[in-house]
Structure formats: C-alpha cells, structure tokens
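Chemist: Here it is, the structure, as structure tokens.
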Amino acid sequence: MAQFDPAAATQAYLATLPPEAHAKATAYTQGGHWVLLWAALVSILVAWLVLKSGVLVKVRDAVTAKKSRPWLAVAAVVVVDAVIEGLLILPWSAYEDWWRQKSYGLTDQAFSGWAGETLLMLAISLVMTVALATGVYALMRKAPKTWWAWGGGLVAVAFMAIMVVSPVFIEPLFNTYTPAPAGPVRDTVVTMANANGVPSDKIYVYDGSKQSNRYTANVSGLFGTARVAMSDTMFKQGADLAEVKGVVGHEMGHYVHMHSIWLASAFGGLALVLFFLVDRLFAPVARLLGAKGVGGISDPAGLPVIWIIMAVLGLLATPVTSSLIRIAETDADRFSLERFNEPDGLAKALVKTIEYRAATPSKLEEVLFYDHPSVGGRVRMAMDWKAAHPPKSEPIY
C-alpha cells in the first residue's frame, strides 16, 4: 500500500475548488487588508469632524453649567458622540459590511435588514460604551497617574461580562436559536459534549444564513450561559457527521481550553498598553488637532482625540491582536483532532471557508492580517495528524 502523503492530500483538498474560486477568495481577502486601513482613516476623519464642530464641548458645558456632574457629563457626551459618529460613518459601514459582502456572494441579506440590525447594534454598543466610558473616566479623575493600569483590568472584566450575557440577551435579538432536532447530528454533538465537559443541554441550530452565507459554528457564553450553536449554513452546504465532529470539536476546544478567559486577559493587557500610550499622547495630539475647549484627558469633550489615537494604535496593533486569536484557533484545531480524530471532516469543512479567507497567503501576510491560520496550513495540520494516526484497519507499510 502506498504511503499516505500529507502534502499531496492537502493539495487535493485545496484543488476541490476551481482556480477562479481561489482567485475570488484572494481578491476578497487582500481587499480586506486595504479595508482595515481605509476604515481607520474614516474613523479618524469622523472623529476629527466631531472634535472641530465643538458640539461635545457644548454638551459638557450644558450638563455641568449649574452643578458638577462628571458622570452625567461623560454619559451625555458619549451618547451624542456615538450618535453623530454612527450616522457619519454609516455610508462606509454600508459599503464595508453589506455592499462588499453582497458583491462577493457572502450575504443574501436585503439592505433594509442590514440597516435595521446595524441600528440595533449601535444602540446596544451605545449602552456598553456608556458603561465602560463612565468607568474609565472615573478612573482618570480618581487615579490620574495610574488610571491606565486599572483601565486594562476594567476592559478584561467587561470582555468577560459580555461573553456571559451575549448568548442570553444579545444574540437572540439578531437570530432565532432552536434546539437541534433529534437525530444523528444532535446525538453526536451530545456525546461529544458529555465526553469533554461541555454543556450538552443547550445545543442549537440558528438561522445564520439570515446575515451571512459563511460556513460556521460556535460555542458561546461562559459558565452557565455556554451553548453550542451551529449555523444553518453548515447544513445548507452539505455538512456530514464527520464535518460536524471536526467543526464542533474545534469550537468545543475554545470552551474546554477557556480561550475566552485567556483572550480577555490578553486583550486586557493590550488595553493597559493602549491606555498608557493614550495617556502619554493625549496632550500633544490635542494640541496638534487644535482641540479648543478641551480641559485635559479626563475631560469627556476630548473623547474624539482618544478615538483618533486609538484608531492609529489599533491599526498598528493588528498583527498582535490577529496573532493572539490565531494561536487560540490553532489550539482549537489541535483539540478537535486529538479528541475526535476527524482530520478529513475538519479538512472538508475548512475548504468551505476559503471563499472568505484565501487559502495560501504568504507567511508575512498571514502574520500581519490573518486572525485564523491559513486554510492551507490548517488542512496540512489535519493531514499530518492523519498520517501520524492511521486507522488500524488501514496500516501503513
């Protein structure tokens, strides 16, 4: 019997898509790299317009005219800023999140549906931003020299809190989650969950195709809110049991290895560094931008200055944030292979994600931009696993 060749098997899987499909995926993916830059520039421009308008200074003055109410001033400024910036940036968001996805066949959602969900998400984000900003500005006032350190911890806590509440209060606002119907898929997932300490009483299928044609599943939530959710796109694209085991096994890896908590800690650390740099850069950037009427970093009227600094730093930090997520994704793939041993199922599923993530980027491109390992690399990892763990009924001579 011929020896199994992981490299040849990887190429065979990638070749199941025609060259034009790979070319389209590459165009979409590489175009997305430019979108990152343009999105940052749009954010900077919008924040600058709000700053130069002086509207936030007027809002602050109106709230504090008769009595010093810093927390209320922060809340009012954040609300006004979010509404104005959200409306100004809406045309760009429509291009990036709807028209571009539509043009590449990644969504069938009508513009009206996208717009309604975008406005709903804006409202939800506004509540979260007000809560977080109120806390951060309170730290600025009470601990002006060390607020950035405490702020990093606050971000980590906020990240985990969102993970806990999202499956219960946020995700159902956008999609319908129904218990997976009785049958082989549900039985398989229940068995997988019970064997690995994952809650098996919350296994759902949701109408992910409402927003996107992307092949996906997830295990979301923390502690008592954790659940397994499979998008209906998986089954519309013909997922078999091997694919379900490979994909859901990957998602269970995130839960079992506590990647949400690990990433919350990591992003909290990044927020600490980001806040430290904001603290040092605020004054010179405010002078450069001519921020009239802004009293200092703890003045909420200077919020656009902070957004501008964070937009630049966030763009520069893309390789770091992408790499942190990529490490977790690689670990989840490894978990799936080790626990469920479905290399071909995982590979078949991964090939279906190429349409929105080019399969074979250069190593530099992957490090700079990819928040998941390349599909080519992931399939090769699965095939290497298969070579190292051949079925007993098919020995390698």
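Residues in the structure tokens are named by chain (A, B, ... in the order shown) and by number from 1 within that chain; ligands are numbered from 1 in the order shown.
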Name all residues at most 9 Å from segment 234-241 of chain A (count only C-alpha atoms; drop same-chain ones fewer than 6 positions away) and give them as a list in words.

Modeler: Pro184, Val185, Thr188, Ser209, Arg214, Tyr215, Thr216, Ala217, Gly345, Lys348, Ala349 and Lys352 of chain A

Chemist: Would you mind exporting N, CA, C and O atoms of the selected residues as a tab-separated table (two decimals), in the first residue's frame?

Modeler:
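Produced file part_7.tsv, reproduced below:
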chain	number	residue	atom	x	y	z
A	184	PRO	N	-29.10	11.97	14.23
A	184	PRO	CA	-27.68	11.66	14.35
A	184	PRO	C	-26.81	12.86	14.72
A	184	PRO	O	-25.86	12.72	15.50
A	185	VAL	N	-27.11	14.05	14.15
A	185	VAL	CA	-26.28	15.23	14.44
A	185	VAL	C	-26.38	15.58	15.92
A	185	VAL	O	-25.35	15.75	16.60
A	188	THR	N	-24.73	12.96	18.12
A	188	THR	CA	-23.27	13.03	18.03
A	188	THR	C	-22.73	14.17	18.87
A	188	THR	O	-21.76	14.01	19.63
A	209	SER	N	-27.77	32.07	8.09
A	209	SER	CA	-27.87	32.46	6.68
A	209	SER	C	-28.67	33.74	6.51
A	209	SER	O	-28.64	34.35	5.44
A	214	ARG	N	-21.58	32.39	5.23
A	214	ARG	CA	-20.35	31.77	5.71
A	214	ARG	C	-20.65	30.50	6.51
A	214	ARG	O	-21.57	30.46	7.33
A	215	TYR	N	-19.85	29.50	6.27
A	215	TYR	CA	-19.95	28.20	6.93
A	215	TYR	C	-19.36	28.35	8.33
A	215	TYR	O	-18.16	28.61	8.47
A	216	THR	N	-20.18	28.19	9.38
A	216	THR	CA	-19.65	28.46	10.71
A	216	THR	C	-20.46	27.79	11.81
A	216	THR	O	-21.60	27.37	11.60
A	217	ALA	N	-19.85	27.70	12.98
A	217	ALA	CA	-20.50	27.24	14.21
A	217	ALA	C	-19.76	27.91	15.36
A	217	ALA	O	-18.70	28.52	15.16
A	345	GLY	N	-12.93	15.21	8.04
A	345	GLY	CA	-14.10	16.03	8.29
A	345	GLY	C	-13.72	17.49	8.50
A	345	GLY	O	-14.36	18.40	7.95
A	348	LYS	N	-12.56	18.98	5.10
A	348	LYS	CA	-13.67	19.27	4.19
A	348	LYS	C	-14.38	20.56	4.60
A	348	LYS	O	-14.79	21.36	3.75
A	349	ALA	N	-14.55	20.74	5.90
A	349	ALA	CA	-15.21	21.95	6.39
A	349	ALA	C	-14.35	23.19	6.14
A	349	ALA	O	-14.86	24.23	5.72
A	352	LYS	N	-14.50	24.82	2.79
A	352	LYS	CA	-15.70	25.62	2.54
A	352	LYS	C	-15.59	27.04	3.09
A	352	LYS	O	-16.45	27.88	2.81

Chemist: When DSSP is applied to the backbone of this structure, which of segment 24-245 of chain A are assigned strand (DSSP E or B)? Write them out as a ChimeraX atom specification.

Modeler: /A:177-179,203-206,217-220,227-231

Chemist: The selected residues should be written to file as a JSON list (two decimals), in the first residue's frame (atoms: N, CA, C and O atoms).

Modeler:
[["chain", "number", "residue", "atom", "x", "y", "z"],
["A", 177, "TYR", "N", -32.68, 30.95, 17.61],
["A", 177, "TYR", "CA", -31.96, 29.74, 18.03],
["A", 177, "TYR", "C", -32.98, 28.68, 18.40],
["A", 177, "TYR", "O", -33.81, 28.89, 19.30],
["A", 178, "THR", "N", -32.92, 27.55, 17.72],
["A", 178, "THR", "CA", -33.85, 26.46, 18.01],
["A", 178, "THR", "C", -33.07, 25.22, 18.40],
["A", 178, "THR", "O", -31.97, 24.97, 17.86],
["A", 179, "PRO", "N", -33.58, 24.43, 19.34],
["A", 179, "PRO", "CA", -32.87, 23.20, 19.72],
["A", 179, "PRO", "C", -32.62, 22.32, 18.49],
["A", 179, "PRO", "O", -33.50, 22.17, 17.63],
["A", 203, "ILE", "N", -27.93, 22.78, 22.83],
["A", 203, "ILE", "CA", -27.37, 22.54, 21.51],
["A", 203, "ILE", "C", -28.37, 23.07, 20.49],
["A", 203, "ILE", "O", -29.49, 22.59, 20.40],
["A", 204, "TYR", "N", -27.94, 24.11, 19.75],
["A", 204, "TYR", "CA", -28.87, 24.82, 18.90],
["A", 204, "TYR", "C", -28.42, 24.87, 17.44],
["A", 204, "TYR", "O", -27.22, 24.75, 17.14],
["A", 205, "VAL", "N", -29.39, 25.08, 16.58],
["A", 205, "VAL", "CA", -29.15, 25.48, 15.19],
["A", 205, "VAL", "C", -29.77, 26.86, 15.05],
["A", 205, "VAL", "O", -30.89, 27.10, 15.51],
["A", 206, "TYR", "N", -29.04, 27.80, 14.46],
["A", 206, "TYR", "CA", -29.58, 29.15, 14.30],
["A", 206, "TYR", "C", -29.55, 29.57, 12.84],
["A", 206, "TYR", "O", -28.80, 29.03, 12.02],
["A", 217, "ALA", "N", -19.85, 27.70, 12.98],
["A", 217, "ALA", "CA", -20.50, 27.24, 14.21],
["A", 217, "ALA", "C", -19.76, 27.91, 15.36],
["A", 217, "ALA", "O", -18.70, 28.52, 15.16],
["A", 218, "ASN", "N", -20.32, 27.82, 16.56],
["A", 218, "ASN", "CA", -19.63, 28.43, 17.70],
["A", 218, "ASN", "C", -20.09, 27.80, 19.00],
["A", 218, "ASN", "O", -21.19, 27.23, 19.08],
["A", 219, "VAL", "N", -19.24, 27.90, 20.00],
["A", 219, "VAL", "CA", -19.63, 27.64, 21.39],
["A", 219, "VAL", "C", -19.47, 28.98, 22.09],
["A", 219, "VAL", "O", -18.35, 29.46, 22.27],
["A", 220, "SER", "N", -20.59, 29.62, 22.42],
["A", 220, "SER", "CA", -20.53, 30.96, 23.01],
["A", 220, "SER", "C", -20.95, 30.91, 24.46],
["A", 220, "SER", "O", -21.55, 29.95, 24.92],
["A", 227, "ARG", "N", -23.20, 27.55, 25.35],
["A", 227, "ARG", "CA", -24.03, 26.72, 24.50],
["A", 227, "ARG", "C", -23.32, 26.45, 23.19],
["A", 227, "ARG", "O", -22.43, 27.19, 22.78],
["A", 228, "VAL", "N", -23.73, 25.37, 22.53],
["A", 228, "VAL", "CA", -23.23, 25.00, 21.21],
["A", 228, "VAL", "C", -24.24, 25.49, 20.18],
["A", 228, "VAL", "O", -25.45, 25.22, 20.32],
["A", 229, "ALA", "N", -23.79, 26.23, 19.18],
["A", 229, "ALA", "CA", -24.70, 26.74, 18.15],
["A", 229, "ALA", "C", -24.09, 26.52, 16.77],
["A", 229, "ALA", "O", -22.95, 26.90, 16.52],
["A", 230, "MET", "N", -24.87, 25.88, 15.91],
["A", 230, "MET", "CA", -24.44, 25.61, 14.54],
["A", 230, "MET", "C", -25.27, 26.43, 13.57],
["A", 230, "MET", "O", -26.51, 26.39, 13.63],
["A", 231, "SER", "N", -24.62, 27.17, 12.69],
["A", 231, "SER", "CA", -25.36, 27.95, 11.69],
["A", 231, "SER", "C", -26.01, 27.01, 10.69],
["A", 231, "SER", "O", -25.44, 25.97, 10.31]]

Chemist: At most 10 Å is the cut-off: for each residue in segment 244-330 of chain A with any atom that close to an atom of segment 72-78 of chain A, write down the nearest atom pair and the distance in Å rounded to one decimal, counting only C-alpha atoms, chain first then increasing number, as CSV.

Modeler:
residue,atom,partner,partner_atom,distance
A:Ser298,CA,A:Val74,CA,9.5
A:Asp299,CA,A:Val74,CA,8.2
A:Pro300,CA,A:Val74,CA,5.5
A:Ala301,CA,A:Val77,CA,6.7
A:Gly302,CA,A:Val77,CA,9.5
A:Leu303,CA,A:Val78,CA,7.9
A:Pro304,CA,A:Val78,CA,9.9

Chemist: Tell me, as a ChimeraX atom specification, which residues lie within 12 Å of Asp81 of chain A, counting only C-alpha atoms; anything in the same chain fewer than 6 positions away does not count.

Modeler: /A:46-51,53-60,73-75,87-89,126,129-130,300-305,307

Chemist: Could the residues of segment 80-190 of chain A that have an atom at most 12 Å from segment 20-27 of chain A be listed as a tab-separated table, each with its closest atom pair and the distance in Å to one decimal, counting only C-alpha atoms and ordered by chain and ascending residue number?

Modeler:
residue	atom	partner	partner_atom	distance
A:Arg100	CA	A:Ala27	CA	11.6
A:Gln101	CA	A:Ala25	CA	11.8
A:Ser103	CA	A:Lys24	CA	11.0
A:Tyr104	CA	A:Lys24	CA	8.0
A:Gly105	CA	A:Lys24	CA	10.4
A:Leu106	CA	A:Ala25	CA	10.8

Chemist: By how many Å are atom CA of Leu154 of chain A and atom CA of Lys142 of chain A apart?

Modeler: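 Atom CA of Lys142 of chain A lies at a distance of 14.5 Å from atom CA of Leu154 of chain A.
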